[in-house]
>>> print(open('structure.cif').read())   # mmCIF, C-alpha atoms
data_structure
#
loop_
_atom_site.label_atom_id
_atom_site.label_comp_id
_atom_site.auth_asym_id
_atom_site.auth_seq_id
_atom_site.Cartn_x
_atom_site.Cartn_y
_atom_site.Cartn_z
CA MET V 1 -29.57 -48.67 42.33
CA LEU V 2 -30.61 -51.00 39.53
CA ILE V 3 -27.21 -50.92 37.91
CA PRO V 4 -24.56 -53.03 39.57
CA LYS V 5 -21.67 -51.04 40.98
CA LYS V 6 -19.25 -52.63 38.55
CA TYR V 7 -21.07 -51.21 35.54
CA ARG V 8 -21.90 -47.81 36.94
CA PRO V 9 -18.91 -46.03 35.37
CA ALA V 10 -19.73 -47.44 31.93
CA ALA V 11 -23.38 -46.58 32.47
CA ALA V 12 -22.49 -42.98 33.31
CA ILE V 13 -20.53 -42.65 30.11
CA ILE V 14 -23.25 -44.28 28.06
CA VAL V 15 -25.80 -41.89 29.56
CA VAL V 16 -23.63 -38.94 28.60
CA ILE V 17 -23.25 -40.29 25.09
CA LEU V 18 -26.97 -40.86 24.81
CA ILE V 19 -27.75 -37.36 26.03
CA SER V 20 -25.30 -36.00 23.49
CA VAL V 21 -26.80 -38.02 20.66
CA VAL V 22 -30.31 -36.96 21.60
CA MET V 23 -29.26 -33.31 21.77
CA LEU V 24 -27.54 -33.68 18.45
CA PHE V 25 -30.69 -35.09 16.89
CA ILE V 26 -32.81 -32.38 18.41
CA SER V 27 -30.48 -29.61 17.34
CA THR V 28 -30.06 -30.86 13.79
CA GLY V 29 -33.55 -32.10 13.18
CA GLY V 30 -35.52 -29.40 14.94
CA GLY V 31 -36.30 -25.85 13.95
CA SER V 32 -33.93 -22.99 13.86
CA ASP V 33 -34.91 -21.86 17.35
CA THR V 34 -32.13 -21.73 19.85
CA GLY V 35 -32.76 -24.15 22.69
CA MET V 36 -33.39 -22.96 26.21
CA LEU V 37 -30.12 -24.41 27.49
CA ARG V 38 -28.11 -22.76 24.75
CA LYS V 39 -29.87 -19.48 25.37
CA MET V 40 -28.95 -19.66 29.03
CA ILE V 41 -25.37 -20.55 28.32
CA LEU V 42 -25.04 -17.87 25.68
CA ASP V 43 -26.62 -15.30 27.98
CA VAL V 44 -24.08 -16.10 30.65
CA ALA V 45 -21.14 -16.56 28.31
CA GLY V 46 -21.82 -13.32 26.45
CA PRO V 47 -21.13 -10.94 29.35
CA MET V 48 -18.23 -13.14 30.46
CA GLU V 49 -16.72 -12.95 27.05
CA ARG V 50 -17.24 -9.20 27.03
CA VAL V 51 -15.54 -8.87 30.42
CA VAL V 52 -12.63 -11.04 29.31
CA ARG V 53 -12.36 -9.35 25.96
CA ALA V 54 -12.45 -5.76 27.24
CA PRO V 55 -8.96 -5.74 28.80
CA LEU V 56 -7.70 -7.79 25.86
CA ASP V 57 -9.02 -5.24 23.43
CA ARG V 58 -7.44 -2.51 25.53
CA ILE V 59 -4.11 -4.36 25.52
CA ALA V 60 -4.38 -4.93 21.80
CA GLU V 61 -5.10 -1.24 21.30
CA VAL V 62 -2.14 -0.20 23.45
CA TRP V 63 0.04 -2.73 21.67
CA SER V 64 -1.05 -1.59 18.26
CA ARG V 65 -0.42 2.02 19.29
CA TYR V 66 3.01 1.02 20.53
CA LEU V 67 3.69 -0.80 17.28
CA PHE V 68 2.37 2.23 15.48
CA LEU V 69 4.82 4.45 17.35
CA VAL V 70 7.66 2.03 16.72
CA GLY V 71 6.79 1.91 13.07
CA ILE V 72 6.18 5.62 12.75
CA GLY V 73 9.89 6.46 12.50
CA GLU V 74 10.37 4.06 9.64
CA GLU V 75 7.09 5.23 8.15
CA ASN V 76 8.27 8.81 8.43
CA ARG V 77 11.51 8.03 6.63
CA ARG V 78 9.64 6.09 4.00
CA LEU V 79 7.18 8.93 3.52
CA LYS V 80 9.99 11.45 3.23
CA ARG V 81 11.60 9.33 0.57
CA GLU V 82 8.23 9.05 -1.11
CA ILE V 83 7.71 12.82 -0.95
CA HIS V 84 11.15 13.37 -2.41
CA ARG V 85 10.42 10.92 -5.19
CA LEU V 86 7.03 12.46 -5.87
CA LYS V 87 8.48 15.96 -5.87
CA ASN V 88 10.98 14.86 -8.46
CA GLN V 89 8.21 13.23 -10.41
CA LEU V 90 6.07 16.35 -10.14
CA LEU V 91 9.01 18.44 -11.27
CA GLN V 92 9.41 16.18 -14.28
CA TYR V 93 5.72 16.48 -15.06
CA GLN V 94 5.87 20.25 -14.69
CA GLU V 95 8.90 20.32 -16.93
CA GLY V 96 7.06 18.17 -19.41
CA TYR V 97 4.04 20.43 -19.21
CA LEU V 98 6.07 23.60 -19.66
CA GLU V 99 7.99 21.99 -22.49
CA GLY V 100 4.70 21.05 -24.04
CA VAL V 101 3.49 24.64 -23.75
CA ARG V 102 6.67 25.94 -25.31
CA LEU V 103 6.58 23.37 -28.06
CA GLN V 104 2.95 24.22 -28.67
CA LYS V 105 3.92 27.84 -29.17
CA LEU V 106 6.75 26.79 -31.45
CA LEU V 107 4.39 24.58 -33.36
CA THR V 108 1.98 27.45 -33.78
CA LEU V 109 4.85 29.60 -34.95
CA LYS V 110 5.99 26.87 -37.29
CA GLU V 111 2.53 26.59 -38.77
CA GLN V 112 2.30 30.32 -39.19
CA SER V 113 5.75 30.62 -40.77
CA ALA V 114 5.98 30.98 -44.52
CA TYR V 115 9.09 28.82 -44.51
CA PRO V 116 9.72 25.31 -43.32
CA ALA V 117 10.90 25.43 -39.73
CA LEU V 118 13.16 22.99 -37.96
CA PRO V 119 12.58 22.64 -34.23
CA VAL V 120 15.83 22.65 -32.33
CA ARG V 121 16.85 22.38 -28.70
CA VAL V 122 19.31 24.80 -27.19
CA ILE V 123 22.18 22.75 -25.82
CA GLY V 124 24.59 25.49 -24.82
CA ILE V 125 24.48 29.18 -24.03
CA ASP V 126 27.58 31.30 -24.13
CA GLN V 127 26.82 34.92 -23.41
CA LYS V 128 29.80 35.73 -21.29
CA SER V 129 32.54 35.27 -23.83
CA LEU V 130 33.44 37.59 -26.63
CA LEU V 131 30.70 36.32 -28.89
CA LYS V 132 27.18 36.01 -27.60
CA THR V 133 26.20 32.68 -29.08
CA ILE V 134 24.18 29.61 -28.34
CA LEU V 135 24.53 26.03 -29.51
CA ILE V 136 21.63 24.10 -30.95
CA ASN V 137 21.28 20.38 -31.43
CA LYS V 138 20.80 20.33 -35.19
CA GLY V 139 23.45 20.71 -37.86
CA SER V 140 24.08 20.36 -41.51
CA ALA V 141 22.82 16.79 -41.43
CA HIS V 142 19.40 18.25 -40.68
CA GLY V 143 19.56 20.90 -43.36
CA VAL V 144 20.93 23.71 -41.21
CA ARG V 145 23.17 26.15 -43.04
CA ASN V 146 24.93 29.35 -42.16
CA ASN V 147 22.86 32.51 -41.99
CA LEU V 148 19.57 30.79 -41.44
CA PRO V 149 17.43 32.74 -38.97
CA VAL V 150 16.65 31.24 -35.60
CA ILE V 151 13.48 32.32 -33.86
CA ASN V 152 11.20 31.34 -31.02
CA ASP V 153 7.71 32.39 -30.01
CA GLN V 154 9.07 35.66 -28.59
CA GLY V 155 10.98 36.74 -31.65
CA VAL V 156 14.33 36.51 -33.38
CA LEU V 157 17.21 34.89 -31.51
CA GLY V 158 19.83 35.35 -34.14
CA ARG V 159 21.33 33.56 -37.11
CA ILE V 160 23.39 30.48 -37.71
CA VAL V 161 27.08 31.31 -37.97
CA GLU V 162 28.63 27.90 -37.73
CA THR V 163 27.41 24.38 -38.38
CA SER V 164 28.78 20.93 -37.83
CA TRP V 165 26.85 17.81 -38.79
CA HIS V 166 24.74 17.72 -35.70
CA VAL V 167 25.37 20.99 -33.87
CA SER V 168 25.15 24.61 -34.93
CA ARG V 169 26.15 27.88 -33.39
CA VAL V 170 23.76 30.80 -33.38
CA LEU V 171 24.95 34.38 -33.16
CA LEU V 172 22.47 36.20 -30.95
CA ILE V 173 21.11 39.55 -31.98
CA SER V 174 22.53 41.02 -28.78
CA ASP V 175 26.08 40.32 -29.99
CA GLY V 176 28.01 43.32 -31.28
CA ASN V 177 28.71 41.56 -34.55
CA SER V 178 25.05 41.09 -35.30
CA ASN V 179 23.54 43.53 -37.77
CA ILE V 180 19.97 43.04 -38.93
CA ASP V 181 17.89 45.31 -41.15
CA ALA V 182 15.00 46.39 -39.11
CA LEU V 183 12.14 48.81 -39.19
CA ILE V 184 9.88 50.47 -36.69
CA GLN V 185 6.61 48.65 -37.06
CA GLY V 186 4.35 51.68 -36.81
CA THR V 187 6.25 54.29 -38.85
CA ARG V 188 8.04 51.82 -41.18
CA VAL V 189 11.27 53.71 -40.65
CA GLN V 190 14.18 51.46 -41.54
CA GLY V 191 17.49 51.04 -39.81
CA ILE V 192 20.06 48.51 -38.76
CA LEU V 193 19.70 46.72 -35.46
CA GLN V 194 23.10 46.08 -33.97
CA GLY V 195 23.81 44.16 -30.79
CA SER V 196 25.37 46.17 -28.03
CA GLY V 197 26.53 43.25 -25.96
CA ALA V 198 24.59 43.78 -22.80
CA LYS V 199 21.14 42.45 -23.62
CA ARG V 200 20.63 45.64 -25.48
CA CYS V 201 20.63 46.46 -29.15
CA MET V 202 21.00 49.74 -30.88
CA LEU V 203 18.85 50.72 -33.79
CA LYS V 204 21.14 52.67 -36.03
CA TYR V 205 20.84 54.99 -38.95
CA ILE V 206 17.49 56.47 -38.07
CA ALA V 207 17.43 60.13 -38.92
CA LYS V 208 16.67 62.62 -36.21
CA THR V 209 13.71 63.82 -38.19
CA GLU V 210 11.95 60.50 -37.78
CA GLU V 211 9.47 60.06 -35.00
CA VAL V 212 10.59 57.21 -32.75
CA LYS V 213 9.49 56.75 -29.20
CA ALA V 214 9.87 54.23 -26.40
CA GLY V 215 7.52 51.32 -26.79
CA ASP V 216 7.71 51.20 -30.55
CA GLN V 217 8.16 47.66 -31.82
CA VAL V 218 11.06 46.79 -34.04
CA VAL V 219 10.71 44.02 -36.62
CA THR V 220 12.84 42.63 -39.41
CA SER V 221 12.50 44.46 -42.71
CA GLY V 222 13.42 41.54 -44.95
CA MET V 223 15.71 43.68 -47.03
CA THR V 224 18.88 41.60 -46.82
CA GLU V 225 17.06 38.32 -47.27
CA VAL V 226 18.75 36.78 -44.28
CA PHE V 227 15.65 37.32 -42.18
CA PRO V 228 12.16 37.28 -43.60
CA ASN V 229 10.27 40.44 -42.92
CA GLY V 230 7.96 40.95 -40.00
CA LEU V 231 9.83 38.96 -37.38
CA MET V 232 9.80 40.51 -33.95
CA LEU V 233 13.16 41.90 -32.87
CA GLY V 234 12.43 44.01 -29.84
CA THR V 235 10.97 47.14 -28.35
CA VAL V 236 12.38 50.63 -28.30
CA ILE V 237 13.22 51.59 -24.76
CA ARG V 238 14.88 54.91 -25.40
CA ALA V 239 15.27 57.24 -28.35
CA ASP V 240 17.74 60.08 -28.01
CA ARG V 241 17.98 62.94 -30.49
CA LYS V 242 20.46 64.94 -28.42
CA ASP V 243 23.33 62.85 -29.57
CA PRO V 244 25.61 64.75 -31.89
CA GLY V 245 25.46 63.58 -35.48
CA LEU V 246 22.80 62.91 -38.07
CA PHE V 247 21.12 59.97 -36.44
CA GLN V 248 19.20 59.23 -33.32
CA LYS V 249 20.56 57.00 -30.61
CA ILE V 250 17.85 54.37 -30.17
CA GLU V 251 18.10 51.61 -27.63
CA VAL V 252 16.10 48.47 -28.22
CA ALA V 253 15.37 45.69 -25.76
CA PRO V 254 15.42 42.34 -27.58
CA ALA V 255 12.09 40.57 -27.58
CA VAL V 256 13.76 37.29 -26.67
CA ASP V 257 14.85 36.56 -23.13
CA PHE V 258 18.24 35.04 -23.79
CA ASN V 259 18.48 33.65 -20.29
CA ARG V 260 15.54 31.34 -20.86
CA LEU V 261 16.32 29.68 -24.12
CA GLU V 262 15.38 26.03 -24.43
CA GLU V 263 13.75 25.42 -27.76
CA ALA V 264 13.79 27.36 -30.99
CA LEU V 265 13.00 27.09 -34.67
CA VAL V 266 15.43 27.36 -37.51
CA LEU V 267 13.70 28.77 -40.54
CA ILE V 268 14.87 26.78 -43.52
CA ILE V 269 14.84 29.42 -46.17
CA PRO V 270 15.48 27.93 -49.59
CA GLU V 271 18.88 28.65 -51.06
CA ARG V 272 17.54 30.10 -54.30
CA LYS V 273 15.84 32.88 -52.52
CA ARG V 274 18.98 34.00 -50.85
CA LYS V 275 21.24 34.61 -53.81
CA MET H 1 -21.65 -31.32 45.73
CA ILE H 2 -19.62 -28.21 45.32
CA PHE H 3 -18.10 -29.83 42.25
CA PHE H 4 -21.42 -30.03 40.43
CA VAL H 5 -22.26 -26.43 41.31
CA LEU H 6 -18.93 -24.93 40.48
CA VAL H 7 -18.00 -26.93 37.41
CA PRO H 8 -20.45 -25.36 34.94
CA TRP H 9 -19.25 -21.87 35.83
CA LEU H 10 -15.62 -22.73 35.73
CA LEU H 11 -15.99 -24.63 32.52
CA MET H 12 -17.75 -21.70 31.00
CA PHE H 13 -14.92 -19.47 32.10
CA LEU H 14 -12.43 -21.97 30.65
CA VAL H 15 -14.20 -22.10 27.32
CA VAL H 16 -14.55 -18.32 27.13
CA PHE H 17 -10.92 -17.95 28.16
CA GLN H 18 -9.64 -20.32 25.50
CA HIS H 19 -11.93 -18.75 22.93
CA THR H 20 -11.03 -15.13 23.63
CA VAL H 21 -7.70 -14.86 25.46
CA LEU H 22 -5.87 -17.72 23.80
CA GLY H 23 -7.51 -16.88 20.52
CA ALA H 24 -6.23 -13.33 20.79
CA ILE H 25 -2.75 -14.48 21.78
CA PHE H 26 -2.55 -16.60 18.68
CA PHE H 27 -4.22 -13.90 16.55
CA HIS H 28 -7.30 -16.12 16.10
CA THR H 29 -5.40 -18.35 13.71
CA ILE H 30 -5.09 -21.31 16.06
CA ALA H 31 -7.68 -22.46 18.57
CA VAL H 32 -5.82 -23.74 21.61
CA GLU H 33 -8.21 -26.41 22.82
CA ILE H 34 -7.41 -26.74 26.47
CA SER H 35 -10.83 -28.28 26.90
CA LEU H 36 -9.69 -31.36 25.00
CA VAL H 37 -6.83 -31.87 27.42
CA LEU H 38 -9.31 -31.52 30.28
CA VAL H 39 -11.48 -34.23 28.71
CA ILE H 40 -8.45 -36.51 28.41
CA TYR H 41 -7.46 -35.69 31.96
CA ALA H 42 -10.98 -36.52 33.11
CA GLY H 43 -10.85 -39.80 31.23
CA LEU H 44 -7.53 -40.75 32.75
CA ARG H 45 -7.75 -39.51 36.29
CA MET H 46 -11.17 -38.45 37.40
CA GLU H 47 -13.92 -40.44 38.96
CA VAL H 48 -16.22 -41.51 36.14
CA ARG H 49 -19.44 -39.81 37.21
CA ARG H 50 -17.69 -36.52 37.81
CA GLY H 51 -15.77 -36.92 34.60
CA SER H 52 -18.92 -37.70 32.62
CA PHE H 53 -20.68 -34.67 34.03
CA LEU H 54 -17.71 -32.47 33.33
CA VAL H 55 -17.38 -33.75 29.77
CA LEU H 56 -21.05 -33.28 29.02
CA ILE H 57 -21.10 -29.71 30.34
CA LEU H 58 -17.82 -28.91 28.65
CA GLY H 59 -19.12 -30.25 25.34
CA LEU H 60 -22.30 -28.22 25.59
CA MET H 61 -20.32 -25.09 26.46
CA MET H 62 -18.11 -25.67 23.45
CA ASP H 63 -21.16 -26.16 21.26
CA CYS H 64 -22.57 -22.87 22.45
CA ILE H 65 -19.40 -20.87 22.18
CA THR H 66 -18.25 -22.26 18.85
CA GLY H 67 -21.73 -22.12 17.37
CA THR H 68 -21.97 -25.76 16.38
CA GLY H 69 -25.23 -27.60 16.88
CA SER H 70 -25.86 -28.75 20.43
CA GLY H 71 -24.41 -32.21 20.91
CA PHE H 72 -21.55 -31.96 18.41
CA TYR H 73 -18.78 -31.37 20.86
CA ALA H 74 -20.71 -33.05 23.64
CA LEU H 75 -20.85 -36.32 21.70
CA VAL H 76 -17.27 -36.11 20.47
CA TYR H 77 -15.94 -35.29 23.93
CA ALA H 78 -18.00 -38.11 25.40
CA LEU H 79 -16.54 -40.56 22.90
CA VAL H 80 -13.01 -39.32 23.58
CA PHE H 81 -13.70 -39.59 27.28
CA LEU H 82 -14.94 -43.17 26.81
CA LEU H 83 -11.88 -44.19 24.79
CA VAL H 84 -9.48 -42.62 27.28
CA TYR H 85 -11.35 -44.18 30.14
CA LEU H 86 -11.03 -47.61 28.54
CA LEU H 87 -7.37 -46.95 27.94
CA SER H 88 -6.85 -45.87 31.53
CA LEU H 89 -8.05 -49.25 32.66
CA GLN H 90 -5.04 -50.78 30.93
CA VAL H 91 -2.27 -48.28 31.52
CA TYR H 92 -1.31 -45.70 34.05
CA ALA H 93 -0.42 -42.71 31.98
CA GLU H 94 2.11 -40.47 33.60
CA SER H 95 5.08 -40.01 31.35
CA ASN H 96 5.12 -36.81 29.33
CA PRO H 97 5.74 -38.46 25.92
CA PHE H 98 2.78 -40.73 26.49
CA LEU H 99 0.55 -37.79 27.40
CA ILE H 100 1.70 -35.91 24.35
CA VAL H 101 1.06 -38.86 22.03
CA LEU H 102 -2.28 -39.53 23.70
CA THR H 103 -3.37 -35.91 23.31
CA LEU H 104 -2.25 -35.91 19.70
CA SER H 105 -4.16 -39.13 18.97
CA CYS H 106 -7.26 -37.97 20.76
CA GLY H 107 -7.08 -34.63 18.99
CA LEU H 108 -6.83 -36.33 15.62
CA GLY H 109 -9.75 -38.57 16.53
CA GLU H 110 -11.73 -35.56 17.71
CA GLY H 111 -11.02 -33.67 14.50
CA LEU H 112 -11.98 -36.63 12.35
CA LEU H 113 -15.17 -37.18 14.33
CA LEU H 114 -16.16 -33.52 14.16
CA LEU H 115 -15.54 -33.35 10.43
CA THR H 116 -17.34 -36.64 9.85
CA LEU H 117 -20.33 -35.47 11.88
CA ASN H 118 -20.30 -32.22 9.94
CA TRP H 119 -20.18 -34.14 6.68
CA VAL H 120 -22.94 -36.59 7.70
CA ILE H 121 -25.28 -33.99 9.14
CA TYR H 122 -24.66 -30.91 7.04
CA GLY H 123 -23.12 -32.55 3.98
CA THR H 124 -20.15 -30.20 3.91
CA ASN H 125 -16.85 -31.84 3.17
CA VAL H 126 -14.17 -29.87 4.99
CA PHE H 127 -11.72 -32.67 5.65
CA LEU H 128 -8.89 -30.53 4.32
CA ASP H 129 -9.36 -28.44 7.45
CA LEU H 130 -7.99 -31.35 9.43
CA VAL H 131 -4.55 -30.68 8.01
CA ARG H 132 -4.94 -26.95 7.67
CA TYR H 133 -6.37 -26.05 11.07
CA PHE H 134 -6.64 -29.05 13.38
CA LEU H 135 -3.10 -30.35 12.96
CA PRO H 136 -1.24 -27.15 13.89
CA GLN H 137 -3.41 -26.55 16.93
CA LEU H 138 -3.11 -30.21 17.89
CA LEU H 139 0.66 -30.05 17.82
CA LEU H 140 0.56 -27.02 20.07
CA VAL H 141 -1.94 -28.47 22.51
CA SER H 142 -0.09 -31.79 22.60
CA ALA H 143 3.14 -30.00 23.39
CA ILE H 144 1.66 -28.20 26.38
CA SER H 145 -0.55 -31.07 27.52
CA PRO H 146 1.87 -32.37 30.22
CA PHE H 147 1.85 -28.96 31.89
CA LEU H 148 -1.91 -28.77 31.66
CA PHE H 149 -2.20 -32.22 33.20
CA ARG H 150 -0.10 -31.11 36.15
CA PHE H 151 -2.16 -27.95 36.44
CA PHE H 152 -5.44 -29.87 36.46
CA HIS H 153 -4.01 -32.31 38.97
CA ARG H 154 -3.26 -29.44 41.33
CA ILE H 155 -6.91 -28.40 41.34
CA GLY H 156 -7.89 -30.68 44.12
CA TRP H 157 -11.65 -30.34 43.92
CA LEU H 158 -11.62 -31.61 40.34
CA HIS H 159 -10.99 -35.11 41.59
CA ASP H 160 -11.70 -34.45 45.27
CA GLY H 161 -8.53 -36.24 46.31
CA TYR H 162 -9.57 -39.25 44.31
CA VAL H 163 -7.36 -40.29 41.43
CA ARG H 164 -9.04 -43.18 39.71
CA SER H 165 -6.09 -44.59 37.89
CA PHE H 166 -4.46 -45.59 41.15
CA GLU H 167 -7.31 -47.91 41.88
CA ARG H 168 -8.06 -50.47 39.29
CA PRO H 169 -11.73 -51.46 39.33
#
>>> encode(input="structure.cif", output="structure tokens")
Amino acid sequence: MLIPKKYRPAAAIIVVILISVVMLFISTGGGSDTGMLRKMILDVAGPMERVVRAPLDRIAEVWSRYLFLVGIGEENRRLKREIHRLKNQLLQYQEGYLEGVRLQKLLTLKEQSAYPALPVRVIGIDQKSLLKTILINKGSAHGVRNNLPVINDQGVLGRIVETSWHVSRVLLISDGNSNIDALIQGTRVQGILQGSGAKRCMLKYIAKTEEVKAGDQVVTSGMTEVFPNGLMLGTVIRADRKDPGLFQKIEVAPAVDFNRLEEALVLIIPERKRK
Amino acid sequence: MIFFVLVPWLLMFLVVFQHTVLGAIFFHTIAVEISLVLVIYAGLRMEVRRGSFLVLILGLMMDCITGTGSGFYALVYALVFLLVYLLSLQVYAESNPFLIVLTLSCGLGEGLLLLTLNWVIYGTNVFLDLVRYFLPQLLLVSAISPFLFRFFHRIGWLHDGYVRSFERP
């Protein structure tokens, strides 16, 4: 060998460094082609890497499935909570939607009404005590007075019988103390609609000679000036002429479903018109 | 002779192993560079011609696997090997703290060299990566380097029963 034994180690290292530098120059200065050596190494390393990676991928998959199973309980609880929350939210939205629909109807009614109407919310229903009444969230501070009619999109609920500043009591037409002048819409026969206490009203003082039949609609006549005329009161469900006496016994189903009262309108009829 | 035949294959396996298995273990956030410890081991303990050959092949394998230009790792590993070799002429490195510090220093040097080469050749300044990526992996590799040294020492054919540091030239 030309190189003395003493310098051979250093020479070996220098050769390696030189080879590296040359390769570096070639790789950085040359074209983008992959060198033969690299191709060979990559071709061998590729399958090796695939072989090594395959079980790793499998382990990772098993592990992730295990983690998935471990996490699935918590996920399940979280999702149940989420479902519960969303159900509540959906319920609120549905409530909002239905309220919107009801209010839309009230608004339509308000626009159609000849009198100013005050939207009110029903805050209490008392149909099981002696008086069949409801409480609404508006009182004298809002212009509510006694005897003002209360209606909704279905028809007449009743009239105001008691007011505080911010709450009023409404006597429902189904109460026995409620008497409203009414008439049969088709025949214009007039009578008095009196509550009978069991979601039924009786249309009184209709002579037996008058033609009244089930299905006839009963509306306010406007005679006593408590209720404007033409407001829906209910539908005749039975007319009986066999009853002894001068008048027919006519049962009327109120147009309003008193079990589903949420919003209503108080018709603010000016004082001067009511004597 | 068997050394020169076997080494390329085993080094390739080592590089693939550290790239895939160790990479997967550490979620590909830290590259555990066992190859650097092998270079240091070669510089400290192996016969120079064998060591040089090993370092060159290892560098080229690293270049191929990591995708850097051929010669990047080869040159850096060769320089690390040279420095460690020169150091081994002065000291006999056996204590664990010394091996850890040596690995850490060599790793820092390697990182600096790689980033400098990258900057000089490609013009991309990624020196922040030294702190962000190199340092964490260096700390890890340094910590396990004594065990790796013992492991390499047990592979008899690596040095063929010859441990250079026992015999001063």
>>> closest_residue(input="structure.cif", among="H:Cys64, H:Leu22, H:Leu38, H:Val32", to="chain V", atoms="all atoms listed in the file")
H:Cys64
>>> closest_atom_pairs(input="structure.cif", of="chain V", to="chain H", cutoff="9 Å", atoms="all atoms listed in the file", output="CSV")
residue,atom,partner,partner_atom,distance
V:Lys6,CA,H:Pro169,CA,7.7
V:Arg8,CA,H:Arg49,CA,8.4
V:Pro9,CA,H:Val48,CA,5.3
V:Ala10,CA,H:Val48,CA,8.1
V:Ala12,CA,H:Arg49,CA,5.9
V:Ile13,CA,H:Ser52,CA,5.8
V:Ile14,CA,H:Leu82,CA,8.5
V:Val15,CA,H:Ser52,CA,8.6
V:Val16,CA,H:Leu56,CA,6.2
V:Ile17,CA,H:Ala78,CA,5.7
V:Leu18,CA,H:Leu75,CA,8.2
V:Ile19,CA,H:Gly71,CA,8.0
V:Ser20,CA,H:Gly71,CA,4.7
V:Val21,CA,H:Leu75,CA,6.3
V:Val22,CA,H:Gly71,CA,7.6
V:Met23,CA,H:Gly71,CA,5.0
V:Leu24,CA,H:Gly71,CA,4.2
V:Phe25,CA,H:Gly71,CA,8.0
V:Ile26,CA,H:Ser70,CA,8.1
V:Ser27,CA,H:Ser70,CA,5.6
V:Thr28,CA,H:Gly69,CA,6.6
V:Gly35,CA,H:Ser70,CA,8.6
V:Leu37,CA,H:Leu60,CA,8.9
V:Arg38,CA,H:Cys64,CA,6.0
V:Lys39,CA,H:Cys64,CA,8.6
V:Ile41,CA,H:Cys64,CA,6.9
V:Leu42,CA,H:Cys64,CA,6.4
V:Val44,CA,H:Met12,CA,8.5
V:Ala45,CA,H:Met12,CA,6.7
V:Gly46,CA,H:Val16,CA,8.8
V:Met48,CA,H:Val16,CA,7.2
V:Glu49,CA,H:Val16,CA,5.8
V:Val52,CA,H:Thr20,CA,7.2
V:Arg53,CA,H:Thr20,CA,6.4
V:Leu56,CA,H:Val21,CA,7.1
V:Asp57,CA,H:Ala24,CA,9.0
V:Ala60,CA,H:Ala24,CA,8.7
>>> residues_near_point(input="structure.cif", point="(-12.3, -36.2, 5.5)", cutoff="7 Å", atoms="all atoms listed in the file", output="PyMOL selection string")
chain H and resi 112+115-116+125-128
>>> resolve_selection(input="structure.cif", expression="the PyMOL selection byres ((chain H and resi 106) around 9)", output="ChimeraX atom specification")
/H:36,40,80,83-84,101-105,107-111
>>> atom_distance(input="structure.cif", atom1="atom CA of V:Ala141", atom2="atom CA of V:Ile180")
26.5 Å
>>> atom_distance(input="structure.cif", atom1="atom CA of V:Cys201", atom2="atom CA of V:Asn147")
19.1 Å
>>> residues_near_point(input="structure.cif", point="(23.9, 24.3, -25.2)", cutoff="7 Å", atoms="all atoms listed in the file", output="list of chain:residue names")
V:Val122, V:Ile123, V:Gly124, V:Ile125, V:Ile134, V:Leu135, V:Ile136
>>> closest_residue(input="structure.cif", among="H:Ala31, H:Ile155, H:Val39, H:Leu87", to="H:Leu139", atoms="all atoms listed in the file")
H:Ala31
>>> closest_residue(input="structure.cif", among="V:Gly176, V:Gly155, V:Gly230, V:Gly100", to="V:Asp257", atoms="only C-alpha atoms")
V:Gly155
>>> residues_around(input="structure.cif", residues="V:Ala255", least_positions_apart="4", cutoff="8 Å", atoms="all atoms listed in the file", output="list in words")
Gln154, Gly155, Val156, Met232, Leu233, Gly234 and Thr235 of chain V
>>> residues_around(input="structure.cif", residues="stretch 265-272 of chain V", least_positions_apart="5", cutoff="10 Å", atoms="only C-alpha atoms", output="PyMOL selection string")
chain V and resi 103+106-107+109-110+113-121+136+138+143-145+147-153+156-160+170+225-228
>>> atom_distance(input="structure.cif", atom1="atom CA of V:Ile192", atom2="atom CA of V:Ser174")
12.7 Å
>>> residues_around(input="structure.cif", residues="V:Ser178", least_positions_apart="5", cutoff="6 Å", atoms="only C-alpha atoms", output="PyMOL selection string")
chain V and resi 173+194-195
>>> resolve_selection(input="structure.cif", expression="the PyMOL selection byres ((chain V and resi 214) around 12)", output="list in words")
Ile184, Glu211, Val212, Lys213, Gly215, Asp216, Gln217, Val218, Gly234, Thr235, Val236, Ile237, Arg238, Ala239, Asp240, Lys249, Ile250, Glu251, Val252 and Ala253 of chain V
>>> build_atoms(input="structure.cif", residues="stretch 161-166 of chain V", atoms="N, CA and C atoms", output="PDB file, keeping the file's coordinate frame")
ATOM      1  N   VAL V 161      25.776  30.838 -37.479  1.00  0.00           N
ATOM      2  CA  VAL V 161      27.080  31.310 -37.970  1.00  0.00           C
ATOM      3  C   VAL V 161      28.062  30.165 -38.155  1.00  0.00           C
ATOM      4  N   GLU V 162      27.700  29.017 -37.634  1.00  0.00           N
ATOM      5  CA  GLU V 162      28.630  27.900 -37.730  1.00  0.00           C
ATOM      6  C   GLU V 162      27.828  26.606 -37.631  1.00  0.00           C
ATOM      7  N   THR V 163      28.143  25.656 -38.474  1.00  0.00           N
ATOM      8  CA  THR V 163      27.410  24.380 -38.380  1.00  0.00           C
ATOM      9  C   THR V 163      28.379  23.215 -38.450  1.00  0.00           C
ATOM     10  N   SER V 164      28.121  22.230 -37.640  1.00  0.00           N
ATOM     11  CA  SER V 164      28.780  20.930 -37.830  1.00  0.00           C
ATOM     12  C   SER V 164      27.662  20.006 -38.312  1.00  0.00           C
ATOM     13  N   TRP V 165      27.913  18.701 -38.276  1.00  0.00           N
ATOM     14  CA  TRP V 165      26.850  17.810 -38.790  1.00  0.00           C
ATOM     15  C   TRP V 165      25.605  17.809 -37.902  1.00  0.00           C
ATOM     16  N   HIS V 166      25.884  17.868 -36.614  1.00  0.00           N
ATOM     17  CA  HIS V 166      24.740  17.720 -35.700  1.00  0.00           C
ATOM     18  C   HIS V 166      24.586  18.863 -34.708  1.00  0.00           C
TER      19      HIS V 166
END
